[in-house]
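Working notes for the structure below.
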Amino acid sequence: MHHDDDALLVVQDGGRQVEGRWLWRGFEFALRAGERVALMGPSGSGKTLLLRALAGLDALDEGTLMLRGTPVERWVMPSYRSHVAYLPQRPVMIEGSVEDNLRLPFTLGAHAERRYDPTSVRATVERLGRGETFLAQDALELSGGEQQLVALVRRLQLEPTALLLDEPSASLDDDSAAALEALVDDWRTGAPERAVVWTSHRGEQLDRVSDRLVRLEASA
Amino acid sequence: MNDLAYVPIDLGQLLLASALIAVNVALSFALRLGLARSLLVASVRMTAQLLLIGLVLAWVFALERPLPILAIALLMSGLAGVSAVQRTQRRFAGVYLDALVSVTGASFVVTGFALLGIVRVDPWFDAQYSIPLLGMVLGNVLNGISLALDRFTEGVTQQRGRIELLLSLGATRWEAAHALISDALRVGMIPTVNAMMVMGIVSLPGMMTGQILAGAAPADAVRYQIVIMFMIAAATALGAFGVVLLAYRRLFDARHRLRSDRLQRVPRPQR
């Protein structure tokens, strides 16, 4: 068993079935350090399930998943998921203000050594073209696109190594989509290792944000 | 005092009491509640079950060996475990075992402690004490367990997004489930806490009333009631905690994943 030294996330012979039907099987995938990958496939081809498996939220029914050459089974999951960030298509906000949502990760034991940094958060919010009052707004009242941005800021505070974005721009207008891409770019250039996977069923916006295209074919 | 400290009820008096159900049936018909049928079924079941248990208890009380009494106690808690699950809306493989273990564990530990340590019955398994005490504890633990279990599985389903948000932020399964677990325990304890709050003011509890009717001094009957309420509170907390913890271990696996695939909705839970 060998793989590239710079491979971050690797799936070997991966398979996932739903209700007795294989969505994909014998799937080979490697996300290398610094890469930007677009994952394409028709609706129902199991893109979301692949991202969830990569994030360790679902098990693979077949095959091996490795992070930095170590099989997922040997990782402590909270630590694994601190490295591999997954953002679902529909962002989830907890009850409370935007700031409450941004502080949420720091209540977890896995991030005990990290502190919420109000200065950098304020700078990020400004970069998104939102004013000071944005942090005090009720998170559940935000538009879908704004929630998507808050979810991304919330997650990037933890400085993940791999970012898995499931149809991130589905609910975004053009301005917010540009803001989101800028945030991802900022994060990615922060360290050479950082890599990102985007999914979409539309091609055009993926060209802009990716270097490589991976197709997920429905295995009939 | 004559040979009996209370007025026995004969068959004719029972029939007269059953006429009271006519009030419910009349109301149901007048308001078209459609409850007449289930009311009648429930009345017949209640009467038959109680007449039967009256006979069984007379036989049980005559037993002087612990093993048959233990067997009956296990049968009672088994039935309690099954009915606790039957009132829940969402089930998972192993839910009956989890409920059984929790009901039996909680009720036996608490009833055993009361028999041996508090009331100090001699012999400790004396059916006249052990069976009624266990029965009262079981009835309440059953309610607590089915409420807690229902709330927990419902919470897992409704809050799937929030749970997986926490997990993907790096939460342990315990961190992700903690709010759900305490919520389920709170709901499981509500009936017991409510009952204790109003006991003696709004309600005169059945066991105490029964003892007074049977000729016990009210001051003594009250003490028994206090003991049984503490037993119920402890056993309900223990049982609810047990069943929620066991359900948690099945629905959140050791890899810190939420296993909502293990939950199935029951089309129509039994009442």
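Identifiers in this document derive from the order of the structure tokens: chains are assigned A, B, ..., residues are numbered from 1 separately in each chain, and ligands are numbered from 1 in order of occurrence.
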Counting only C-alpha atoms, which residues in chain B sit no more than 12 Å from chain A? For each one, give the nearest pair of atoms and the distance in Å, sorted by chain then residue number, as CSV.
residue,atom,partner,partner_atom,distance
B:Gln159,CA,A:Val92,CA,10.0
B:Arg160,CA,A:Val92,CA,9.9
B:Gly161,CA,A:Val92,CA,6.2
B:Arg162,CA,A:Val92,CA,6.4
B:Ile163,CA,A:Val92,CA,9.7
B:Glu164,CA,A:Leu57,CA,7.6
B:Leu165,CA,A:Val92,CA,6.7
B:Leu166,CA,A:Pro105,CA,7.8
B:Leu167,CA,A:Pro78,CA,7.3
B:Ser168,CA,A:Arg81,CA,5.7
B:Leu169,CA,A:Pro105,CA,6.2
B:Gly170,CA,A:Pro78,CA,4.1
B:Ala171,CA,A:Pro78,CA,5.7
B:Thr172,CA,A:Pro78,CA,5.9
B:Arg173,CA,A:Pro78,CA,8.9
B:Trp174,CA,A:Leu108,CA,10.5
B:Glu175,CA,A:Leu108,CA,7.2
B:Ala176,CA,A:Leu108,CA,9.3
B:His178,CA,A:Leu108,CA,11.7
B:Phe252,CA,A:Leu57,CA,10.9
B:Asp253,CA,A:Leu57,CA,10.7
B:Ala254,CA,A:Met77,CA,9.3
B:Arg255,CA,A:Met77,CA,6.3
B:His256,CA,A:Met77,CA,6.5
B:Arg257,CA,A:Leu57,CA,5.5
B:Leu258,CA,A:Leu57,CA,7.3
B:Arg259,CA,A:Asp58,CA,8.4
B:Ser260,CA,A:Asp58,CA,10.5
B:Asp261,CA,A:Asp58,CA,10.2
query = Could you write out, as an NGL selection string, all the residues of segment 4-180 of chain A that DSSP marks as strand (DSSP E or B)?
reply = :A and (7-18 or 21-32 or 36-40 or 62-67 or 70-71 or 84-87 or 97 or 138 or 162-165)
Please produce an output containing N, CA and C atoms for each residue in the selection, written as a CSV table (one decimal), in the first residue's frame.
chain,number,residue,atom,x,y,z
A,7,ALA,N,-0.3,13.4,0.0
A,7,ALA,CA,-1.7,13.1,0.0
A,7,ALA,C,-2.3,13.4,1.4
A,8,LEU,N,-3.4,14.2,1.5
A,8,LEU,CA,-4.0,14.6,2.7
A,8,LEU,C,-5.0,13.6,3.1
A,9,LEU,N,-6.0,13.5,2.2
A,9,LEU,CA,-7.1,12.6,2.4
A,9,LEU,C,-7.1,11.6,1.3
A,10,VAL,N,-7.2,10.3,1.6
A,10,VAL,CA,-7.2,9.3,0.6
A,10,VAL,C,-8.4,8.3,0.8
A,11,VAL,N,-9.1,8.0,-0.3
A,11,VAL,CA,-10.1,6.9,-0.3
A,11,VAL,C,-9.6,5.8,-1.2
A,12,GLN,N,-9.5,4.6,-0.7
A,12,GLN,CA,-9.1,3.5,-1.5
A,12,GLN,C,-10.3,2.5,-1.6
A,13,ASP,N,-10.6,2.2,-2.9
A,13,ASP,CA,-11.7,1.2,-3.1
A,13,ASP,C,-12.9,1.5,-2.3
A,14,GLY,N,-13.3,2.7,-2.2
A,14,GLY,CA,-14.4,3.1,-1.4
A,14,GLY,C,-15.8,2.8,-2.0
A,15,GLY,N,-16.7,2.4,-1.1
A,15,GLY,CA,-18.0,2.1,-1.6
A,15,GLY,C,-19.0,2.5,-0.5
A,16,ARG,N,-20.2,2.9,-1.0
A,16,ARG,CA,-21.2,3.4,-0.1
A,16,ARG,C,-22.6,2.9,-0.7
A,17,GLN,N,-23.3,2.2,0.1
A,17,GLN,CA,-24.7,1.8,-0.4
A,17,GLN,C,-25.8,2.4,0.5
A,18,VAL,N,-26.9,2.6,-0.2
A,18,VAL,CA,-28.1,3.1,0.5
A,18,VAL,C,-29.2,2.1,0.1
A,21,ARG,N,-28.5,-0.6,-2.4
A,21,ARG,CA,-28.0,-0.2,-3.7
A,21,ARG,C,-26.7,0.5,-3.6
A,22,TRP,N,-25.7,0.2,-4.4
A,22,TRP,CA,-24.4,0.9,-4.3
A,22,TRP,C,-24.5,2.2,-5.0
A,23,LEU,N,-24.2,3.3,-4.3
A,23,LEU,CA,-24.2,4.6,-5.0
A,23,LEU,C,-22.9,4.7,-5.7
A,24,TRP,N,-21.8,4.4,-5.1
A,24,TRP,CA,-20.5,4.3,-5.7
A,24,TRP,C,-19.7,3.2,-5.1
A,25,ARG,N,-18.8,2.6,-5.9
A,25,ARG,CA,-18.1,1.4,-5.4
A,25,ARG,C,-16.8,1.4,-6.1
A,26,GLY,N,-15.7,0.9,-5.5
A,26,GLY,CA,-14.4,0.9,-6.1
A,26,GLY,C,-13.9,2.3,-6.3
A,27,PHE,N,-14.3,3.2,-5.5
A,27,PHE,CA,-14.0,4.6,-5.7
A,27,PHE,C,-12.6,5.0,-5.2
A,28,GLU,N,-11.8,5.6,-6.1
A,28,GLU,CA,-10.4,6.0,-5.7
A,28,GLU,C,-10.3,7.5,-5.7
A,29,PHE,N,-9.8,8.0,-4.6
A,29,PHE,CA,-9.7,9.5,-4.5
A,29,PHE,C,-8.5,9.9,-3.6
A,30,ALA,N,-7.8,10.9,-4.1
A,30,ALA,CA,-6.8,11.5,-3.2
A,30,ALA,C,-6.9,13.0,-3.3
A,31,LEU,N,-6.9,13.6,-2.1
A,31,LEU,CA,-6.9,15.1,-2.0
A,31,LEU,C,-5.5,15.4,-1.5
A,32,ARG,N,-4.7,16.1,-2.4
A,32,ARG,CA,-3.3,16.4,-2.1
A,32,ARG,C,-3.2,17.8,-1.4
A,36,ARG,N,-7.2,22.2,-5.0
A,36,ARG,CA,-8.6,22.7,-5.0
A,36,ARG,C,-9.4,21.8,-5.9
A,37,VAL,N,-10.2,20.9,-5.4
A,37,VAL,CA,-10.9,19.9,-6.2
A,37,VAL,C,-12.4,20.2,-6.3
A,38,ALA,N,-12.9,20.1,-7.5
A,38,ALA,CA,-14.3,20.2,-7.7
A,38,ALA,C,-14.9,18.7,-7.9
A,39,LEU,N,-15.9,18.4,-7.1
A,39,LEU,CA,-16.5,17.1,-7.1
A,39,LEU,C,-17.8,17.3,-7.9
A,40,MET,N,-17.9,16.6,-9.0
A,40,MET,CA,-19.2,16.8,-9.8
A,40,MET,C,-19.9,15.5,-9.9
A,62,GLU,N,-17.5,0.1,2.3
A,62,GLU,CA,-16.3,-0.7,1.8
A,62,GLU,C,-15.2,0.3,1.7
A,63,GLY,N,-13.9,-0.3,1.8
A,63,GLY,CA,-12.8,0.5,1.5
A,63,GLY,C,-12.1,1.2,2.7
A,64,THR,N,-11.1,2.0,2.4
A,64,THR,CA,-10.3,2.6,3.4
A,64,THR,C,-10.3,4.1,3.3
A,65,LEU,N,-10.3,4.8,4.4
A,65,LEU,CA,-10.2,6.3,4.4
A,65,LEU,C,-9.0,6.6,5.2
A,66,MET,N,-8.1,7.4,4.7
A,66,MET,CA,-6.9,7.8,5.5
A,66,MET,C,-6.7,9.3,5.5
A,67,LEU,N,-6.3,9.8,6.6
A,67,LEU,CA,-5.9,11.2,6.7
A,67,LEU,C,-4.4,11.2,7.1
A,70,THR,N,-2.8,7.9,7.8
A,70,THR,CA,-3.3,7.1,9.0
A,70,THR,C,-4.8,6.8,8.8
A,71,PRO,N,-5.1,5.5,8.8
A,71,PRO,CA,-6.5,5.1,8.6
A,71,PRO,C,-7.4,5.8,9.6
A,84,VAL,N,-10.5,18.0,9.4
A,84,VAL,CA,-11.3,17.8,8.2
A,84,VAL,C,-12.6,18.5,8.5
A,85,ALA,N,-12.8,19.7,7.9
A,85,ALA,CA,-14.0,20.4,8.1
A,85,ALA,C,-15.1,20.2,7.1
A,86,TYR,N,-16.3,19.9,7.5
A,86,TYR,CA,-17.4,19.6,6.6
A,86,TYR,C,-18.5,20.7,6.8
A,87,LEU,N,-18.9,21.3,5.7
A,87,LEU,CA,-20.0,22.3,5.8
A,87,LEU,C,-21.1,21.8,4.9
A,97,SER,N,-27.3,34.8,19.0
A,97,SER,CA,-26.8,35.8,18.1
A,97,SER,C,-25.8,35.1,17.1
A,138,ASP,N,-29.8,38.1,15.4
A,138,ASP,CA,-30.3,36.8,15.7
A,138,ASP,C,-30.0,35.8,14.5
A,162,ALA,N,-8.3,20.4,5.8
A,162,ALA,CA,-9.1,20.2,4.6
A,162,ALA,C,-10.5,20.7,4.8
A,163,LEU,N,-11.0,21.3,3.8
A,163,LEU,CA,-12.4,21.9,3.8
A,163,LEU,C,-13.3,21.3,2.8
A,164,LEU,N,-14.4,20.7,3.3
A,164,LEU,CA,-15.3,20.1,2.4
A,164,LEU,C,-16.6,20.9,2.3
A,165,LEU,N,-16.9,21.5,1.1
A,165,LEU,CA,-18.0,22.4,1.0
A,165,LEU,C,-19.1,21.7,0.1
query = Between B:Leu35, B:Ile69, B:Ala148, B:Leu50, which has the minimum distance to Gln89 of chain B (counting only C-alpha atoms)?
reply =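 Nearest candidate to Gln89 of chain B out of B:Leu35, B:Ile69, B:Ala148, B:Leu50: B:Ala148.
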ask   = So how many Å separate atom CA of Val214 of chain A and atom CA of Val153 of chain A, to one decimal?
value = 26.2 Å
query = Quick one: distance from atom CA of Leu49 of chain A to atom CA of Gly190 of chain A in Å, one decimal?
reply =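 The value is 28.3 Å.
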query = Taking the backbone alone, and naming residues the way the document does, which bits of segment 81-207 of chain B are alpha helix (DSSP H) by DSSP, as a VMD selection string?
reply = chain B and resid 81 to 86 95 to 113 127 to 158 160 to 168 173 to 198 206 to 207
key: Counting only C-alpha atoms, the residue of A:Glu99, A:Ser200, A:Pro192, A:Ser210 that sits nearest Asp166 of chain A   =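 Looking at the shortest contact to Asp166 of chain A, the residue is A:Ser200.
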task = Please provide the set of residues having any atom within 9 Å of Val222 of chain B, restricted to only C-alpha atoms, with same-chain residues fewer than 5 positions apart removed, written as JSON, numbers by chain.
result = {"B": [208, 217, 227]}
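Across the structure, atom CA of Pro168 of chain A and atom CA of Gln148 of chain A are spaced 7.2 Å apart.
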request  = Find the residue from A:Asp61, A:Glu167, A:Asp173, A:Glu35 that sits nearest to Asp185 of chain A; use only C-alpha atoms when measuring.
outcome  = A:Glu35
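Nearest residue to Met76 of chain B, choosing from B:Thr104, B:Gln49, B:Gln13, B:Thr236 and counting only C-alpha atoms: B:Thr104.
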